[in-house]
Amino acid sequence: MGAVVSLDGLLDERRVWKGRAPVRPVGVHPTGHAALDAVLPSGGWPAAALTELLLAADGCGELQLLWPSLARLTASSERVVLIAPPHIPYPPAWQGAGIDLRWLSVIDASERDTLWAAEQCLRSGSCGAVLCWLPKADDRALRRLQVAAQTGQTLAFACRPQQAALNPSPAALRLAIDAQPAQWRVLKCRGGLAPAMPIPFSGRG
């Protein structure tokens, strides 16, 4: 006898077409970019989950992508943590983007300690978002971040090179950030199909 499949479970995972447009969940985390929110199944960042940002190069737009969300979080007195950024954050630029620096923490971790530090911050439940740079992470490391984000009910963002798109990932959302042309590409999104068309943007992060 084959395995029994729960219809409720399939419906929860959005694997069954119900003949109507999906309902946006309550309490979503908008990205601050209407064109991106419109194509994401949750209407924004997946809650309590890992989002993977695959970069053409450091500074190709990842900060511009995240600043609206991070500004909203710090305005609500929620801690935002940066772990092992490739460059020292420039405070005036972050302030100009609306970030309340009183709620921004930067951890200068070695490559070996970055994963551990990100896990601890995510599991603590005391952060609104954790952004880390993991150039050499494998799927096992990413799974640890996904579990930690779920445990701490925290937004997790991992920046990695675009070459990593060839490897499988447990992240709920995978976004590629291209420099030429300047655009975002949704490679994977939990709860729906990734849109075929890229989303253009202007400016640099």
# chains A, B, ... in the order shown; residues from 1 in each chain; ligands from 1
>>> residues_around(residues="Ser69 (chain A)", least_positions_apart="5", cutoff="12 Å", atoms="only C-alpha atoms", output="ChimeraX atom specification")
/A:28-33,37,44-45,62-64,74-76,78,80,97-100,128-131,155,157
>>> residues_around(residues="Glu52 (chain A)", least_positions_apart="3", cutoff="7 Å", atoms="only C-alpha atoms", output="PyMOL selection string")
chain A and resi 157-159+171+173-175
>>> write_last_selection(atoms="C-alpha atoms", output="short mmCIF file (atom, residue, chain, number, x, y, z; two decimals), in the first residue's frame")
data_model
loop_
_atom_site.label_atom_id
_atom_site.label_comp_id
_atom_site.auth_asym_id
_atom_site.auth_seq_id
_atom_site.Cartn_x
_atom_site.Cartn_y
_atom_site.Cartn_z
CA PHE A 157 19.83 36.65 4.91
CA ALA A 158 22.94 34.94 3.59
CA CYS A 159 25.05 36.64 0.90
CA ALA A 171 16.68 28.46 1.67
CA LEU A 173 13.92 32.14 -1.09
CA ARG A 174 16.87 32.49 -3.47
CA LEU A 175 17.46 35.80 -5.23
#
>>> select_by_dssp(residues="region 63-150 of chain A", states="strand (DSSP E)", output="list in words")
Arg79, Val80, Val81, Leu82, Ile83, Leu104, Ser105, Val106, Ile107, Cys127, Gly128, Ala129, Val130, Leu131, Cys132 and Trp133 of chain A
>>> write_last_selection(atoms="C-alpha atoms", output="PDB file, in the first residue's frame")
ATOM      1  CA  ARG A  79      17.959  44.635  16.355  1.00  0.00           C
ATOM      2  CA  VAL A  80      19.639  44.140  12.964  1.00  0.00           C
ATOM      3  CA  VAL A  81      22.959  42.273  12.959  1.00  0.00           C
ATOM      4  CA  LEU A  82      25.579  42.232  10.198  1.00  0.00           C
ATOM      5  CA  ILE A  83      28.065  39.374  10.422  1.00  0.00           C
ATOM      6  CA  LEU A 104      22.458  48.081  14.183  1.00  0.00           C
ATOM      7  CA  SER A 105      25.222  45.730  15.321  1.00  0.00           C
ATOM      8  CA  VAL A 106      28.258  44.612  13.305  1.00  0.00           C
ATOM      9  CA  ILE A 107      30.184  41.436  14.160  1.00  0.00           C
ATOM     10  CA  CYS A 127      16.983  40.103  16.512  1.00  0.00           C
ATOM     11  CA  GLY A 128      14.667  41.354  13.817  1.00  0.00           C
ATOM     12  CA  ALA A 129      17.069  40.314  11.048  1.00  0.00           C
ATOM     13  CA  VAL A 130      20.512  38.769  10.687  1.00  0.00           C
ATOM     14  CA  LEU A 131      22.584  39.366   7.542  1.00  0.00           C
ATOM     15  CA  CYS A 132      25.749  37.325   7.055  1.00  0.00           C
ATOM     16  CA  TRP A 133      28.299  36.817   4.290  1.00  0.00           C
TER      17      TRP A 133
END
>>> atom_distance(atom1="CA of Phe201 (chain A)", atom2="CA of Leu55 (chain A)")
14.4 Å
>>> closest_residue(among="A:Pro195, A:Pro161, A:Pro181, A:Gly96", to="Pro68 (chain A)", atoms="only C-alpha atoms")
A:Gly96
>>> residues_around(residues="region 139-146 of chain A", least_positions_apart="4", cutoff="10 Å", atoms="only C-alpha atoms", output="VMD selection string")
chain A and resid 48 to 52 115 to 116 118 to 120 122 to 123 134 150 to 151 154 to 158 164 167 to 172
>>> atom_distance(atom1="CA of Leu40 (chain A)", atom2="CA of Gly59 (chain A)")
23.4 Å
>>> atom_distance(atom1="CA of Trp94 (chain A)", atom2="CA of Asp108 (chain A)")
17.6 Å
